[in-house]
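Chemist: You'll find final-v7.txt just under this line, and it carries compact mmCIF, C-alpha atoms and all ligand atoms.
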```
# COMPACT_ATOMS: atom_id res chain seq x y z
CA MET A 1 83.37 125.68 -148.34
CA GLN A 2 84.90 129.13 -147.83
CA ALA A 3 88.68 129.52 -147.78
CA GLY A 4 88.57 130.80 -144.16
CA ASN A 5 86.70 127.69 -142.99
CA MET A 6 89.20 125.47 -144.74
CA VAL A 7 92.04 127.20 -142.91
CA SER A 8 90.25 126.89 -139.54
CA ARG A 9 89.63 123.20 -140.15
CA ARG A 10 93.25 122.76 -141.08
CA ARG A 11 94.36 124.65 -137.96
CA LEU A 12 92.16 122.41 -135.81
CA MET A 13 93.77 119.36 -137.34
CA LEU A 14 97.18 120.91 -136.79
CA THR A 15 96.30 121.55 -133.15
CA ALA A 16 95.33 117.94 -132.56
CA SER A 17 98.39 116.49 -134.23
CA ALA A 18 100.74 118.98 -132.53
CA VAL A 19 99.44 117.87 -129.14
CA THR A 20 99.62 114.19 -130.07
CA LEU A 21 103.20 114.61 -131.25
CA ALA A 22 104.23 116.52 -128.15
CA ALA A 23 102.54 114.10 -125.79
CA GLY A 24 104.78 111.37 -127.17
CA ILE A 25 101.76 109.27 -128.06
CA GLY A 26 103.37 106.86 -130.44
CA PRO A 27 104.04 103.16 -130.43
CA VAL A 28 101.71 101.08 -128.29
CA VAL A 29 103.29 99.79 -125.10
CA SER A 30 102.41 96.35 -123.77
CA ALA A 31 99.61 95.98 -121.23
CA GLN A 32 102.18 95.10 -118.58
CA GLU A 33 103.62 98.62 -118.53
CA LYS A 34 107.30 98.63 -117.74
CA LYS A 35 108.94 101.62 -116.11
CA ILE A 36 112.40 102.45 -117.35
CA GLY A 37 114.91 103.07 -114.54
CA PHE A 38 116.96 106.28 -114.74
CA ALA A 39 120.19 107.19 -112.93
CA ILE A 40 120.49 110.99 -112.65
CA VAL A 41 124.08 112.18 -112.87
CA GLY A 42 124.69 115.61 -111.30
CA LEU A 43 122.29 117.12 -108.79
CA GLY A 44 122.43 120.79 -109.83
CA GLY A 45 119.72 123.31 -110.58
CA LEU A 46 118.19 121.53 -113.57
CA ALA A 47 118.21 118.05 -112.03
CA MET A 48 116.74 119.10 -108.70
CA ASN A 49 114.22 121.71 -109.83
CA GLN A 50 113.02 120.25 -113.14
CA ILE A 51 114.11 116.70 -113.91
CA LEU A 52 113.48 114.89 -110.61
CA PRO A 53 110.02 116.44 -110.06
CA ALA A 54 109.10 115.80 -113.71
CA MET A 55 110.30 112.19 -113.58
CA ALA A 56 108.06 111.51 -110.58
CA LYS A 57 105.03 112.37 -112.74
CA THR A 58 105.98 110.39 -115.85
CA ARG A 59 104.19 107.27 -117.03
CA PHE A 60 107.12 105.17 -118.20
CA CYS A 61 110.09 106.35 -116.08
CA LYS A 62 111.33 106.24 -112.52
CA THR A 63 114.44 107.52 -110.79
CA VAL A 64 116.31 104.50 -109.44
CA ALA A 65 119.82 105.89 -108.83
CA LEU A 66 121.58 109.20 -108.17
CA VAL A 67 125.18 110.21 -108.87
CA SER A 68 126.53 113.19 -106.97
CA GLY A 69 129.69 114.55 -105.33
CA HIS A 70 127.58 115.70 -102.37
CA PRO A 71 126.38 112.69 -100.30
CA ASP A 72 124.10 114.76 -98.02
CA LYS A 73 122.29 116.34 -100.95
CA ALA A 74 122.01 112.96 -102.67
CA LYS A 75 120.55 111.35 -99.50
CA LYS A 76 117.99 114.14 -99.21
CA MET A 77 116.94 113.71 -102.85
CA ALA A 78 116.87 109.90 -102.48
CA ASP A 79 114.52 110.23 -99.49
CA LYS A 80 112.32 112.70 -101.37
CA TYR A 81 112.00 110.61 -104.53
CA GLY A 82 112.03 107.09 -103.05
CA VAL A 83 115.45 106.05 -104.35
CA ASN A 84 117.16 103.19 -102.49
CA PRO A 85 120.07 104.77 -100.51
CA LYS A 86 122.23 101.88 -101.76
CA SER A 87 121.76 103.33 -105.26
CA ILE A 88 123.53 106.60 -104.46
CA TYR A 89 126.81 106.83 -106.34
CA ASN A 90 129.63 109.38 -106.63
CA TYR A 91 132.00 110.26 -109.46
CA GLU A 92 134.59 107.75 -108.20
CA ASN A 93 132.35 104.65 -108.17
CA TYR A 94 130.22 105.80 -111.17
CA ASP A 95 131.33 102.86 -113.33
CA THR A 96 129.82 100.36 -110.87
CA LEU A 97 126.41 101.48 -112.16
CA LYS A 98 126.94 98.61 -114.59
CA ASP A 99 126.08 96.21 -111.74
CA ASN A 100 122.80 97.96 -110.94
CA LEU A 101 120.27 96.10 -113.02
CA GLU A 102 117.50 98.54 -112.11
CA VAL A 103 119.28 101.23 -114.16
CA ASP A 104 118.36 101.24 -117.86
CA VAL A 105 119.26 104.87 -118.67
CA ILE A 106 121.97 107.22 -117.46
CA TYR A 107 120.83 110.85 -117.65
CA ILE A 108 123.81 113.24 -117.78
CA VAL A 109 122.98 116.61 -116.19
CA LEU A 110 126.55 117.80 -115.65
CA PRO A 111 128.40 120.86 -117.04
CA ASN A 112 128.76 120.55 -120.83
CA GLY A 113 132.48 119.70 -120.75
CA MET A 114 131.72 116.53 -118.74
CA HIS A 115 128.96 115.11 -120.98
CA ALA A 116 131.27 113.19 -123.33
CA GLU A 117 133.28 111.43 -120.64
CA TYR A 118 130.27 110.38 -118.58
CA THR A 119 128.28 109.35 -121.65
CA ILE A 120 131.06 107.14 -122.97
CA ARG A 121 131.59 105.58 -119.53
CA GLY A 122 127.81 105.13 -119.30
CA PHE A 123 127.79 103.15 -122.55
CA LYS A 124 130.70 101.05 -121.26
CA ALA A 125 128.49 100.27 -118.26
CA GLY A 126 125.93 98.88 -120.73
CA LYS A 127 123.28 101.60 -120.29
CA HIS A 128 121.33 103.84 -122.66
CA VAL A 129 122.22 107.55 -122.31
CA LEU A 130 120.23 110.77 -122.33
CA SER A 131 122.67 113.71 -122.37
CA GLN A 132 121.67 117.26 -121.65
CA LYS A 133 122.28 119.89 -124.34
CA PRO A 134 124.67 120.94 -125.68
CA MET A 135 125.74 117.38 -126.27
CA ALA A 136 129.46 118.16 -125.86
CA THR A 137 132.02 120.94 -126.19
CA SER A 138 133.56 119.78 -129.49
CA VAL A 139 132.49 117.99 -132.66
CA ALA A 140 135.06 115.26 -131.98
CA ASP A 141 133.64 114.57 -128.51
CA ALA A 142 130.07 114.53 -129.85
CA GLN A 143 131.06 112.05 -132.57
CA ALA A 144 132.88 109.89 -130.01
CA MET A 145 129.67 109.77 -127.94
CA CYS A 146 127.72 108.51 -130.97
CA ASP A 147 130.40 105.96 -131.80
CA ALA A 148 130.41 104.65 -128.22
CA GLY A 149 126.62 104.26 -128.28
CA ARG A 150 126.76 102.36 -131.54
CA ALA A 151 129.55 100.09 -130.26
CA ALA A 152 127.53 99.33 -127.13
CA GLY A 153 124.30 98.79 -129.08
CA LYS A 154 122.58 101.35 -126.86
CA LYS A 155 120.50 104.45 -127.59
CA LEU A 156 121.73 108.05 -127.25
CA SER A 157 119.41 111.01 -127.05
CA VAL A 158 120.16 114.73 -126.59
CA GLY A 159 117.97 116.70 -124.18
CA TYR A 160 116.26 118.96 -126.68
CA ARG A 161 113.05 119.27 -124.67
CA CYS A 162 111.45 121.86 -126.99
CA GLN A 163 111.07 119.23 -129.70
CA HIS A 164 108.58 117.44 -127.47
CA GLU A 165 106.51 120.49 -126.70
CA PRO A 166 103.17 121.36 -128.42
CA PHE A 167 103.79 125.07 -129.05
CA HIS A 168 107.01 124.29 -130.93
CA ASN A 169 105.34 121.53 -132.86
CA MET A 170 102.52 123.89 -133.80
CA MET A 171 105.01 126.51 -134.99
CA MET A 172 106.79 123.89 -137.11
CA GLN A 173 103.57 122.59 -138.61
CA ILE A 174 102.35 126.06 -139.56
CA ALA A 175 105.75 127.03 -140.99
CA ARG A 176 105.85 123.84 -143.04
CA SER A 177 102.18 123.69 -144.06
CA GLY A 178 102.25 126.56 -146.55
CA ASP A 179 99.82 128.48 -144.31
CA ILE A 180 102.22 131.46 -144.22
CA GLY A 181 103.42 130.92 -147.77
CA GLN A 182 107.03 130.03 -148.37
CA VAL A 183 109.28 130.69 -145.37
CA LYS A 184 112.07 133.11 -146.22
CA VAL A 185 113.53 134.19 -142.88
CA VAL A 186 113.84 132.74 -139.38
CA ARG A 187 114.57 135.05 -136.43
CA GLY A 188 115.65 133.97 -132.98
CA ASP A 189 116.87 135.75 -129.85
CA THR A 190 117.82 133.79 -126.75
CA GLY A 191 119.75 134.89 -123.69
CA PHE A 192 119.84 136.07 -120.11
CA ASN A 193 122.07 137.99 -117.73
CA CYS A 194 124.51 135.32 -116.56
CA GLN A 195 125.61 135.50 -112.94
CA ALA A 196 129.36 135.72 -112.25
CA GLY A 197 131.42 132.78 -110.98
CA VAL A 198 129.49 129.92 -112.61
CA TRP A 199 130.83 127.10 -114.83
CA ARG A 200 128.91 128.59 -117.79
CA LEU A 201 131.65 131.26 -118.00
CA ASP A 202 134.49 128.70 -117.89
CA LYS A 203 135.51 127.74 -121.44
CA LYS A 204 136.67 124.23 -120.52
CA LEU A 205 133.44 123.30 -118.75
CA ALA A 206 131.03 125.22 -120.99
CA GLY A 207 132.69 124.96 -124.43
CA GLY A 208 131.52 128.47 -125.29
CA GLY A 209 129.14 131.16 -124.12
CA PRO A 210 125.47 131.88 -124.78
CA LEU A 211 125.64 130.29 -128.25
CA MET A 212 126.35 126.86 -126.73
CA ASP A 213 123.89 127.35 -123.90
CA VAL A 214 120.75 128.92 -125.40
CA GLY A 215 121.74 129.84 -128.96
CA ILE A 216 121.56 126.13 -129.67
CA TYR A 217 117.75 126.43 -129.44
CA THR A 218 117.66 128.98 -132.27
CA ILE A 219 119.82 126.67 -134.37
CA GLN A 220 117.44 123.80 -133.70
CA GLU A 221 114.50 126.01 -134.54
CA ALA A 222 115.99 127.25 -137.81
CA CYS A 223 116.94 123.73 -138.93
CA MET A 224 113.46 122.46 -138.09
CA VAL A 225 111.72 125.25 -140.00
CA ALA A 226 114.04 124.91 -143.01
CA ARG A 227 114.04 121.09 -142.72
CA GLU A 228 117.69 121.06 -143.72
CA THR A 229 121.21 121.85 -142.52
CA PRO A 230 122.70 125.27 -143.30
CA VAL A 231 125.25 125.52 -146.08
CA ASP A 232 127.26 128.27 -144.45
CA VAL A 233 127.24 130.73 -141.56
CA ALA A 234 128.51 134.21 -140.63
CA ALA A 235 128.91 135.68 -137.14
CA GLN A 236 130.20 138.48 -134.93
CA VAL A 237 130.84 138.48 -131.19
CA PHE A 238 131.27 141.23 -128.66
CA SER A 239 132.44 140.99 -125.04
CA SER A 240 132.53 144.08 -122.79
CA PRO A 241 136.26 144.48 -122.11
CA ASP A 242 135.70 145.65 -118.51
CA ASP A 243 133.25 142.91 -117.57
CA PRO A 244 135.19 140.16 -115.71
CA ARG A 245 132.52 137.58 -116.61
CA PHE A 246 133.59 137.47 -120.24
CA LYS A 247 137.29 136.65 -120.10
CA GLU A 248 136.81 133.15 -121.56
CA VAL A 249 133.45 133.03 -123.34
CA GLU A 250 131.62 135.56 -125.48
CA GLU A 251 129.11 137.98 -123.99
CA SER A 252 126.96 138.44 -127.11
CA ILE A 253 126.91 136.82 -130.52
CA ALA A 254 124.97 137.61 -133.69
CA TYR A 255 124.91 134.91 -136.34
CA THR A 256 123.28 134.12 -139.64
CA LEU A 257 122.65 130.73 -141.21
CA ARG A 258 122.02 130.23 -144.93
CA PHE A 259 120.04 127.13 -145.90
CA PRO A 260 120.22 125.46 -149.34
CA HIS A 261 116.63 126.13 -150.46
CA GLY A 262 116.03 129.80 -149.73
CA VAL A 263 115.72 130.18 -145.95
CA VAL A 264 118.08 132.50 -144.03
CA ALA A 265 118.16 132.73 -140.24
CA ALA A 266 119.31 135.80 -138.31
CA CYS A 267 119.82 135.19 -134.59
CA THR A 268 121.37 136.64 -131.44
CA SER A 269 122.32 135.13 -128.12
CA SER A 270 123.71 136.92 -125.09
CA TYR A 271 124.72 136.52 -121.45
CA GLY A 272 124.56 140.30 -121.15
CA TYR A 273 120.93 141.13 -121.88
CA ASP A 274 117.76 140.52 -119.95
CA TRP A 275 115.90 137.22 -120.43
CA GLN A 276 114.99 136.86 -124.09
CA ASN A 277 113.50 133.85 -125.81
CA SER A 278 111.64 134.41 -129.01
CA PHE A 279 111.46 132.73 -132.42
CA ARG A 280 109.75 133.87 -135.58
CA ALA A 281 109.44 132.32 -139.04
CA ILE A 282 108.50 134.82 -141.75
CA GLY A 283 106.90 133.63 -144.96
CA THR A 284 105.65 135.16 -148.19
CA THR A 285 102.08 135.59 -146.86
CA GLY A 286 102.47 135.68 -143.07
CA TRP A 287 104.50 134.74 -140.04
CA VAL A 288 104.44 132.45 -137.02
CA GLU A 289 106.15 133.15 -133.70
CA LEU A 290 106.73 131.91 -130.16
CA GLU A 291 107.39 134.13 -127.17
CA PRO A 292 108.17 132.92 -124.58
CA ALA A 293 109.74 130.17 -126.65
CA ILE A 294 112.19 128.26 -124.46
CA ALA A 295 110.98 129.00 -120.92
CA TYR A 296 110.18 125.86 -118.90
CA GLU A 297 106.52 126.86 -118.97
CA GLY A 298 104.20 129.62 -120.12
CA GLN A 299 104.82 129.20 -123.87
CA ALA A 300 102.74 131.45 -126.08
CA GLY A 301 102.53 131.48 -129.86
CA ARG A 302 100.64 133.13 -132.65
CA SER A 303 100.54 133.24 -136.40
CA SER A 304 99.51 135.83 -138.93
CA ARG A 305 98.12 135.02 -142.34
CA PHE A 306 97.42 137.95 -144.66
CA GLY A 307 97.45 140.21 -141.57
CA LYS A 308 95.00 138.14 -139.47
CA VAL A 309 96.61 137.16 -136.17
CA GLU A 310 95.57 133.93 -134.39
CA GLU A 311 96.83 132.89 -130.93
CA PHE A 312 97.69 129.23 -130.35
CA LYS A 313 95.26 127.50 -128.02
CA LEU A 314 97.15 124.48 -126.76
CA GLN A 315 97.38 122.44 -123.60
CA PRO A 316 100.87 122.89 -122.12
CA VAL A 317 102.92 119.84 -121.08
CA ASP A 318 105.90 119.30 -118.82
CA HIS A 319 108.69 119.39 -121.42
CA PHE A 320 111.07 117.24 -119.37
CA GLY A 321 108.45 114.64 -118.50
CA VAL A 322 107.32 114.20 -122.11
CA GLU A 323 110.92 114.00 -123.29
CA MET A 324 111.79 111.29 -120.75
CA ASP A 325 108.62 109.31 -121.49
CA HIS A 326 109.47 109.47 -125.22
CA PHE A 327 112.95 108.07 -124.58
CA ALA A 328 111.53 105.35 -122.32
CA GLN A 329 109.03 104.32 -125.00
CA CYS A 330 111.81 104.19 -127.61
CA ILE A 331 113.68 101.77 -125.36
CA ILE A 332 110.61 99.67 -124.55
CA ASN A 333 109.56 99.43 -128.21
CA ASN A 334 113.07 99.63 -129.71
CA THR A 335 112.17 102.59 -131.92
CA ASP A 336 114.18 105.61 -133.07
CA VAL A 337 114.55 108.62 -130.77
CA LYS A 338 113.38 112.02 -131.98
CA THR A 339 116.59 113.79 -130.97
CA PRO A 340 119.42 111.29 -131.57
CA GLY A 341 123.14 111.84 -131.01
CA GLU A 342 123.59 112.49 -134.75
CA MET A 343 121.38 115.58 -134.43
CA GLY A 344 123.61 116.74 -131.58
CA VAL A 345 126.69 116.24 -133.80
CA ARG A 346 125.04 118.32 -136.55
CA ASP A 347 124.40 121.14 -134.09
CA MET A 348 127.96 120.97 -132.75
CA LYS A 349 129.25 121.30 -136.35
CA ILE A 350 127.05 124.35 -136.92
CA MET A 351 128.20 125.99 -133.67
CA ALA A 352 131.86 125.25 -134.45
CA ALA A 353 131.38 126.92 -137.85
CA ILE A 354 129.72 129.95 -136.18
CA TYR A 355 132.65 130.38 -133.78
CA GLU A 356 135.08 129.99 -136.69
CA ALA A 357 133.17 132.64 -138.66
CA ALA A 358 133.26 135.02 -135.68
CA LYS A 359 137.00 134.44 -135.24
CA THR A 360 137.98 134.86 -138.87
CA GLY A 361 135.37 137.38 -140.01
CA ARG A 362 134.62 135.10 -142.95
CA VAL A 363 131.61 133.14 -144.09
CA VAL A 364 132.29 129.52 -143.08
CA LYS A 365 130.91 126.36 -144.69
CA VAL A 366 129.21 123.94 -142.32
P1 LIG B 401 124.28 123.48 -112.35
O1 LIG B 401 125.52 124.26 -112.17
O2 LIG B 401 123.08 123.91 -111.59
O3 LIG B 401 124.54 121.93 -111.99
C1 LIG B 401 125.70 121.26 -112.40
C2 LIG B 401 125.92 120.03 -111.55
O4 LIG B 401 127.14 119.42 -111.91
C3 LIG B 401 126.03 120.36 -110.04
O5 LIG B 401 125.35 119.39 -109.30
C4 LIG B 401 127.52 120.24 -109.76
O6 LIG B 401 127.82 119.87 -108.42
C5 LIG B 401 127.91 119.13 -110.74
N1 LIG B 401 129.32 119.12 -111.06
C6 LIG B 401 130.10 118.03 -111.07
N2 LIG B 401 131.36 118.35 -111.40
C7 LIG B 401 131.38 119.67 -111.57
C8 LIG B 401 132.43 120.58 -111.91
N3 LIG B 401 133.68 120.18 -112.16
N4 LIG B 401 132.12 121.89 -112.00
C9 LIG B 401 130.85 122.32 -111.82
N5 LIG B 401 129.82 121.49 -111.51
C10 LIG B 401 130.10 120.17 -111.37
O7 LIG B 401 123.98 123.43 -113.90
P2 LIG B 401 122.58 123.12 -114.60
O8 LIG B 401 121.91 124.41 -114.93
O9 LIG B 401 121.85 122.11 -113.83
O10 LIG B 401 123.10 122.52 -116.01
C11 LIG B 401 123.50 121.17 -116.16
C12 LIG B 401 123.38 120.76 -117.63
O11 LIG B 401 122.02 120.88 -118.03
C13 LIG B 401 124.15 121.64 -118.61
O12 LIG B 401 124.65 120.85 -119.65
C14 LIG B 401 123.13 122.61 -119.15
O13 LIG B 401 123.42 123.08 -120.45
C15 LIG B 401 121.90 121.75 -119.15
N6 LIG B 401 120.66 122.52 -119.00
C16 LIG B 401 119.64 122.26 -119.85
C17 LIG B 401 118.45 122.93 -119.73
C18 LIG B 401 117.30 122.60 -120.61
O14 LIG B 401 116.31 123.32 -120.60
N7 LIG B 401 117.35 121.52 -121.37
C19 LIG B 401 118.31 123.92 -118.74
C20 LIG B 401 119.37 124.16 -117.88
C21 LIG B 401 120.55 123.44 -118.01
```
Represent the structure of the file as structure tokens.
Modeler:
Amino acid sequence: MQAGNMVSRRRLMLTASAVTLAAGIGPVVSAQEKKIGFAIVGLGGLAMNQILPAMAKTRFCKTVALVSGHPDKAKKMADKYGVNPKSIYNYENYDTLKDNLEVDVIYIVLPNGMHAEYTIRGFKAGKHVLSQKPMATSVADAQAMCDAGRAAGKKLSVGYRCQHEPFHNMMMQIARSGDIGQVKVVRGDTGFNCQAGVWRLDKKLAGGGPLMDVGIYTIQEACMVARETPVDVAAQVFSSPDDPRFKEVEESIAYTLRFPHGVVAACTSSYGYDWQNSFRAIGTTGWVELEPAIAYEGQAGRSSRFGKVEEFKLQPVDHFGVEMDHFAQCIINNTDVKTPGEMGVRDMKIMAAIYEAAKTGRVVKV
């Protein structure tokens, strides 16, 4: 068999397993399929435009409760998605979710600075928790979330939807397969022009700027390609002094991560540039890249081996739906989640080191 045919066969196999992985096809669920009940906490842009519509199309999940500070909005969403109006909660009576036996999982879709409190209270209510990314605004809070989950004997997952998505899985498999030789460098650029007046620019609610919001995806990507945690990091930030948006969080940040076995990552994130979301892993004999990488849909990817470029041909999935079905299956079958709280803690440690490096101008150990 010719070398080219071998590569094509290998790519075909990679395609199939990337889709299988992303589709969350894993442990077998009993014939009597159980749907896991989710309470959605926070009815903002992500919850209303992505999570609720995605949940309605999942196989193993259903929305059974809503938590919101806006009763009219909550009633409208309850009507739309068939949630019992008695299962609408607010931030004052949130803890009474413990008495709602239909609720298995609390899904936190609040500003970052509120994730820890509502996760810990969710565990005290005896529920599993799925927290949006970034998991928290400090390493200590992230660790406290993990500890609370362990104490309650419940599962904690961080909403890293890209890990459940076939284009990302394909990129990882090619980067790790040796198809592009040995990976030396990872590149990543993620950001968008952030509108003024939103919680993302408030340090207490956001924890930081574009690094915490979308830079976290490049960190995930780099760690997945390298299959390890960086040893140390360096970083620089810049905020336009006359731009009132950037009084509390950075406008732009450039950061590098050095991994123990020869991979370096060079990334940028910004709230000041136009929508960017691209990743590339560069190896000794080729490269693999995604662009768009973190959009909700429309992913595209390609790889180059000895100068021959191949586009990925993959069936897209709803990232949020696959992620929720994965978590539901982990609960039904009592298996490990793909993106556990400990992974969120790792990422918080890396981001804390990046901010420390930017502040001090020194290389900082993770
Ligand atoms: P958003 O501003 O649209 O919604 C936030 C919700 O929190 C609103 O319903 C708001 O009323 C509520 N809220 C409660 N207390 C609040 C307070 N004190 N201040 C401000 N809002 C308060 O934000 P979003 O874009 O839906 O983001 C929510 C979370 O989801 C964030 O953690 C964000 O990082 C994450 N997110 C993840 C993705 C992803 O692709 N995984 C995409 C977007 C957002």
Chemist: Show me which residues line ligand LIG 401 (chain B), defined as having an atom within 7 Å of a ligand atom where only C-alpha atoms and all ligand atoms count, and present them as a list in words.
Modeler: Gly42, Leu43, Gly44, Gly45, Leu46, Ala47, Ser68, Gly69, Val109, Leu110, Pro111, Asn112, Gln132, Lys133, Pro134, Gly159, Tyr160, Arg161, Val198, Trp199, Asp213 and Tyr296 of chain A
Chemist: Can you pull out every residue within 7 Å of His164 in chain A, counting all atoms listed in the file, but drop anything in the same chain fewer than 3 positions away, and send it as a PyMOL selection string?
Modeler: chain A and resi 22+161+319+322-323
Chemist: Rank nothing, just name the residue among A:Gly113, A:Pro166, A:Gly341, A:Pro292 nearest to Arg280 in chain A, using all atoms listed in the file.
Modeler: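 When distances to Arg280 in chain A are compared using all atoms listed in the file, the smallest one comes from A:Pro292.
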Chemist: How many Å lie between CA of Ala206 in chain A and CA of Ala140 in chain A, rounded to one decimal?
Modeler: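 Result for CA of Ala206 in chain A versus CA of Ala140 in chain A: 15.4 Å, one decimal.
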Chemist: To one decimal in Å, tell me the separation between CA of Phe167 in chain A and CA of Ala293 in chain A.
Modeler: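 Between CA of Phe167 in chain A and CA of Ala293 in chain A the gap is 8.2 Å.
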Chemist: Report, in Å to a single decimal, how far apart CA of Val225 in chain A and CA of Asp179 in chain A are.
Modeler: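 So the two atoms, CA of Asp179 in chain A and CA of Val225 in chain A, lie 13.1 Å apart.
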Chemist: Identify the residues around (118.5, 103.1, -104.7) within a radius of 12 Å, measuring from only C-alpha atoms in the coordinates stated by the file, and give them as a ChimeraX atom specification.
Modeler: /A:37-40,62-67,74-75,77-89,97,100-103
Chemist: Counting all atoms listed in the file, write as a list in words all protein and nucleic acid residues lying at most 7 Å from (120.9, 130.7, -130.9) in the file's frame.
Modeler: Gly188, Asp189, Thr190, Leu211, Val214, Gly215, Ile216, Tyr217, Thr218, Ile219, Cys267, Thr268 and Ser269 of chain A
Chemist: Just checking: using only C-alpha atoms, which residue out of A:Leu156, A:Val249, A:Ile51, A:Ile174 ends up closest to Gly207 in chain A?
Modeler: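 Among A:Leu156, A:Val249, A:Ile51, A:Ile174, it is A:Val249 that comes nearest to Gly207 in chain A.
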Chemist: Which of these residues is nearest to Glu248 in chain A, using only C-alpha atoms: A:Leu314, A:Ala222, A:Arg200, A:Ser270?
Modeler: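 Smallest distance to Glu248 in chain A is found for A:Arg200.
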Chemist: Leaving out range 352-361 of chain A and any residue of its chain fewer than 5 positions from it, which residues lie within 6 Å of it when counting only C-alpha atoms, given as a list in words?
Modeler: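 Listing them by chain and then by number gives Val233, Ala234, Ala235, Gln236 and Val366 of chain A.
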Chemist: Between A:Ala300, A:Ile332, A:Val345, A:Cys194, which is the closest to Trp275 in chain A once you count all atoms listed in the file?
Modeler: A:Cys194
